[in-house]
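Engineer: Sharing a structure with you now.
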Amino acid sequence: MHWTDFLVIIASGAFGGLLSSLYIHDGSLILPKIIELELSDGSKGRNYHIGFLSDLVLGAGAGLIAVLPIGLEFPKYIYMAIIAGFGGGSFIAKQAKLTAEDKVSSQDKLPTIVASSVPEPKPSDEVTFELAISDRKGEKMT
């Protein structure tokens with residue numbers, strides 16, 4: 001496989017990722033942006049949201065992962081990379097959504113735990129052991 005084949009596979013997967021991004025967001029292209037945050041200690045921070053570029057990267061990676069082990073020839077690997085790029089972003093987005101839903105449902109199922117103080121054990125509850133050592137003849141030694 002020539003290095004240009006790798007570039008075509010990456011571009012095809014990225015194109016599939018772009019299609020996936022448009023599909024997930026109902027035809028809207030989410031642009032990269034910087035989000036200003038107000039932190040709890042009063043300071044300000046920044047969060048970078050890369051928008052549709054994340055879907056391009058995921059699609060390119062999914063295209064490579066899907067095509068390289070199979071060893072398809074041109075132009076078949078282009079079709080496979082586009083499909084994998086589209087499915088890669090959708091699959092990861094769906095799994096993230098399912099994971100978030102599972103987390104919420106599992107937290108709802110957890111019992112409520114109330115901390116309470118445990119009373120000190122009474123002296124009558126103590127257990128003592130006596131160790132007896134015997135010699136080889138079976139006689140008890142002190």
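Please note that chains go A, B, ... in the order of the structure tokens, that every chain numbers its residues from 1, and that ligands are numbered from 1 in the order shown.
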Might you pull out every residue within 12 Å of stretch 72-77 of chain A, with only C-alpha atoms counted and same-chain residues fewer than 5 positions away left off, and present them as a list in words?
Structural biologist: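 So the residues in contact are Met1, His2, Thr4, Asp5, Phe6, Leu7, Val8, Ile9, Ile10, Ala11, Ser12, Gly13, Gly63, Leu64, Ile65, Ala66, Val67, Ile82, Ile83, Ala84 and Gly85 of chain A.
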Engineer: Skip A:Glu36 itself and residues of its chain fewer than 4 positions away, then list as a compact mmCIF listing (two decimals) with N, CA and C atoms, in the first residue's frame all residues within 9 Å of it, counting only C-alpha atoms.
Structural biologist:
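This went into out28.txt:
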# COMPACT_ATOMS: atom_id res chain seq x y z
N LYS A 44 -11.52 32.45 36.93
CA LYS A 44 -12.09 32.14 35.62
C LYS A 44 -11.18 31.15 34.90
N GLY A 45 -11.80 30.28 34.13
CA GLY A 45 -11.06 29.30 33.35
C GLY A 45 -11.59 29.22 31.94
N ARG A 46 -10.90 28.45 31.13
CA ARG A 46 -11.32 28.27 29.74
C ARG A 46 -11.44 26.80 29.42
N ASN A 47 -12.42 26.50 28.61
CA ASN A 47 -12.61 25.15 28.10
C ASN A 47 -12.68 25.26 26.59
N TYR A 48 -11.96 24.41 25.90
CA TYR A 48 -11.93 24.45 24.44
C TYR A 48 -12.82 23.35 23.89
Engineer: Quick one: residues within 6 Å of A:Gly51, only C-alpha atoms counted, chain neighbours fewer than 2 positions away excluded, as a list of chain:residue names?
Structural biologist: A:Ile30, A:Leu31, A:Pro32, A:His49, A:Leu53
Engineer: Write the residues of the preceding selection, restricted to N, CA, C and O atoms, as a PDB file, in the first residue's frame.
Structural biologist:
ATOM      1  N   ILE A  30     -21.264  22.275  14.092  1.00  0.00           N
ATOM      2  CA  ILE A  30     -20.840  22.868  15.365  1.00  0.00           C
ATOM      3  C   ILE A  30     -19.406  23.352  15.208  1.00  0.00           C
ATOM      4  O   ILE A  30     -18.488  22.555  15.018  1.00  0.00           O
ATOM      5  N   LEU A  31     -19.224  24.656  15.282  1.00  0.00           N
ATOM      6  CA  LEU A  31     -17.905  25.250  15.094  1.00  0.00           C
ATOM      7  C   LEU A  31     -17.088  25.204  16.383  1.00  0.00           C
ATOM      8  O   LEU A  31     -17.650  25.224  17.479  1.00  0.00           O
ATOM      9  N   PRO A  32     -15.764  25.172  16.261  1.00  0.00           N
ATOM     10  CA  PRO A  32     -14.920  25.227  17.460  1.00  0.00           C
ATOM     11  C   PRO A  32     -15.098  26.564  18.180  1.00  0.00           C
ATOM     12  O   PRO A  32     -15.323  27.603  17.562  1.00  0.00           O
ATOM     13  N   HIS A  49     -13.793  23.727  23.086  1.00  0.00           N
ATOM     14  CA  HIS A  49     -14.694  22.778  22.439  1.00  0.00           C
ATOM     15  C   HIS A  49     -14.334  22.771  20.956  1.00  0.00           C
ATOM     16  O   HIS A  49     -14.471  23.790  20.282  1.00  0.00           O
ATOM     17  N   LEU A  53     -14.597  19.188  14.456  1.00  0.00           N
ATOM     18  CA  LEU A  53     -13.249  18.645  14.229  1.00  0.00           C
ATOM     19  C   LEU A  53     -13.046  17.318  14.954  1.00  0.00           C
ATOM     20  O   LEU A  53     -12.312  16.453  14.473  1.00  0.00           O
TER      21      LEU A  53
END
Engineer: Which distance in Å separates atom CA of A:Ile24 and atom CA of A:Leu98, to one decimal?
Structural biologist: 15.0 Å
Engineer: Which of these residues is nearest to A:Gly87, using only C-alpha atoms: A:Glu101, A:Leu58, A:Leu37, A:Leu68?
Structural biologist: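 Ranked by minimum distance to A:Gly87, first place goes to A:Leu58.
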Engineer: Need to verify the contact set: A:His25, 12 Å, only C-alpha atoms, exclusion of same-chain residues closer than 2 positions in sequence. Can you return it as a VMD selection string?
Structural biologist: chain A and resid 18 to 23 27 to 31 51 to 52 55 89 to 90 93
Engineer: Mind pulling up the distance from atom CA of A:Glu38 to atom CA of A:Asp108?
Structural biologist: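 Rounded to one decimal, the two atoms are 29.1 Å apart.
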Engineer: Taking into account only C-alpha atoms, which residue in the set A:Ser40, A:Lys97, A:Gly88, A:Lys109 is nearest to A:Ala62?
Structural biologist: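 Of A:Ser40, A:Lys97, A:Gly88, A:Lys109, the one nearest A:Ala62, counting only C-alpha atoms, is A:Gly88.
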Engineer: Closest to A:Phe86 among A:Asp26, A:Trp3, A:Gly59, A:Thr99, using only C-alpha atoms?
Structural biologist: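 Nearest candidate to A:Phe86 out of A:Asp26, A:Trp3, A:Gly59, A:Thr99: A:Gly59.
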Engineer: Check stretch 24-110 of chain A with DSSP on the backbone and list each residue it calls strand (DSSP E or B), as a PyMOL selection string.
Structural biologist: chain A and resi 33-38+44-49
Engineer: For those residues, write all heavy atoms to a file as a compact mmCIF listing (two decimals), in the first residue's frame.
Structural biologist:
# COMPACT_ATOMS: atom_id res chain seq x y z
N LYS A 33 -15.01 26.50 19.51
CA LYS A 33 -15.15 27.73 20.29
C LYS A 33 -14.46 27.58 21.64
O LYS A 33 -14.17 26.47 22.09
CB LYS A 33 -16.62 28.09 20.49
CG LYS A 33 -17.43 27.01 21.20
CD LYS A 33 -18.90 27.37 21.23
CE LYS A 33 -19.70 26.16 21.68
NZ LYS A 33 -21.13 26.37 21.59
N ILE A 34 -14.23 28.73 22.27
CA ILE A 34 -13.67 28.77 23.62
C ILE A 34 -14.79 29.12 24.57
O ILE A 34 -15.51 30.12 24.35
CB ILE A 34 -12.53 29.80 23.72
CG1 ILE A 34 -11.39 29.42 22.77
CG2 ILE A 34 -12.04 29.92 25.15
CD1 ILE A 34 -10.31 30.47 22.67
N ILE A 35 -14.95 28.33 25.60
CA ILE A 35 -16.01 28.55 26.58
C ILE A 35 -15.38 29.08 27.85
O ILE A 35 -14.49 28.45 28.42
CB ILE A 35 -16.78 27.24 26.86
CG1 ILE A 35 -17.37 26.69 25.57
CG2 ILE A 35 -17.85 27.45 27.92
CD1 ILE A 35 -17.91 25.28 25.69
N GLU A 36 -15.83 30.25 28.29
CA GLU A 36 -15.35 30.84 29.54
C GLU A 36 -16.10 30.20 30.70
O GLU A 36 -17.32 30.10 30.67
CB GLU A 36 -15.57 32.36 29.54
CG GLU A 36 -14.81 33.09 28.45
CD GLU A 36 -13.30 33.12 28.69
OE1 GLU A 36 -12.87 33.05 29.85
OE2 GLU A 36 -12.57 33.20 27.69
N LEU A 37 -15.36 29.82 31.73
CA LEU A 37 -15.95 29.16 32.89
C LEU A 37 -15.73 29.99 34.15
O LEU A 37 -14.67 30.60 34.32
CB LEU A 37 -15.33 27.78 33.10
CG LEU A 37 -15.47 26.77 31.98
CD1 LEU A 37 -14.66 25.53 32.29
CD2 LEU A 37 -16.92 26.41 31.78
N GLU A 38 -16.71 30.00 35.02
CA GLU A 38 -16.58 30.61 36.34
C GLU A 38 -16.38 29.46 37.32
O GLU A 38 -17.27 28.63 37.51
CB GLU A 38 -17.84 31.40 36.68
CG GLU A 38 -17.81 32.09 38.01
CD GLU A 38 -16.94 33.35 38.00
OE1 GLU A 38 -16.81 33.98 36.93
OE2 GLU A 38 -16.39 33.68 39.05
N LYS A 44 -11.52 32.45 36.93
CA LYS A 44 -12.09 32.14 35.62
C LYS A 44 -11.18 31.15 34.90
O LYS A 44 -9.97 31.17 35.03
CB LYS A 44 -12.25 33.40 34.79
CG LYS A 44 -13.30 34.34 35.34
CD LYS A 44 -13.57 35.49 34.42
CE LYS A 44 -14.67 36.34 34.98
NZ LYS A 44 -15.06 37.42 34.09
N GLY A 45 -11.80 30.28 34.13
CA GLY A 45 -11.06 29.30 33.35
C GLY A 45 -11.59 29.22 31.94
O GLY A 45 -12.60 29.83 31.60
N ARG A 46 -10.90 28.45 31.13
CA ARG A 46 -11.32 28.27 29.74
C ARG A 46 -11.44 26.80 29.42
O ARG A 46 -10.66 25.98 29.89
CB ARG A 46 -10.28 28.88 28.79
CG ARG A 46 -10.23 30.37 28.81
CD ARG A 46 -9.27 30.86 27.78
NE ARG A 46 -9.27 32.31 27.76
CZ ARG A 46 -8.47 33.03 27.03
NH1 ARG A 46 -7.59 32.44 26.24
NH2 ARG A 46 -8.52 34.33 27.06
N ASN A 47 -12.42 26.50 28.61
CA ASN A 47 -12.61 25.15 28.10
C ASN A 47 -12.68 25.26 26.59
O ASN A 47 -13.37 26.12 26.06
CB ASN A 47 -13.89 24.54 28.67
CG ASN A 47 -14.01 23.08 28.37
OD1 ASN A 47 -13.09 22.46 27.85
ND2 ASN A 47 -15.15 22.51 28.69
N TYR A 48 -11.96 24.41 25.90
CA TYR A 48 -11.93 24.45 24.44
C TYR A 48 -12.82 23.35 23.89
O TYR A 48 -12.64 22.18 24.20
CB TYR A 48 -10.50 24.28 23.94
CG TYR A 48 -9.57 25.35 24.46
CD1 TYR A 48 -8.79 25.13 25.58
CD2 TYR A 48 -9.50 26.58 23.83
CE1 TYR A 48 -7.95 26.12 26.05
CE2 TYR A 48 -8.67 27.58 24.31
CZ TYR A 48 -7.90 27.34 25.42
OH TYR A 48 -7.08 28.32 25.91
N HIS A 49 -13.79 23.73 23.09
CA HIS A 49 -14.69 22.78 22.44
C HIS A 49 -14.33 22.77 20.96
O HIS A 49 -14.47 23.79 20.28
CB HIS A 49 -16.15 23.21 22.65
CG HIS A 49 -17.13 22.23 22.13
ND1 HIS A 49 -17.56 22.23 20.84
CD2 HIS A 49 -17.76 21.19 22.73
CE1 HIS A 49 -18.42 21.25 20.66
NE2 HIS A 49 -18.56 20.60 21.80
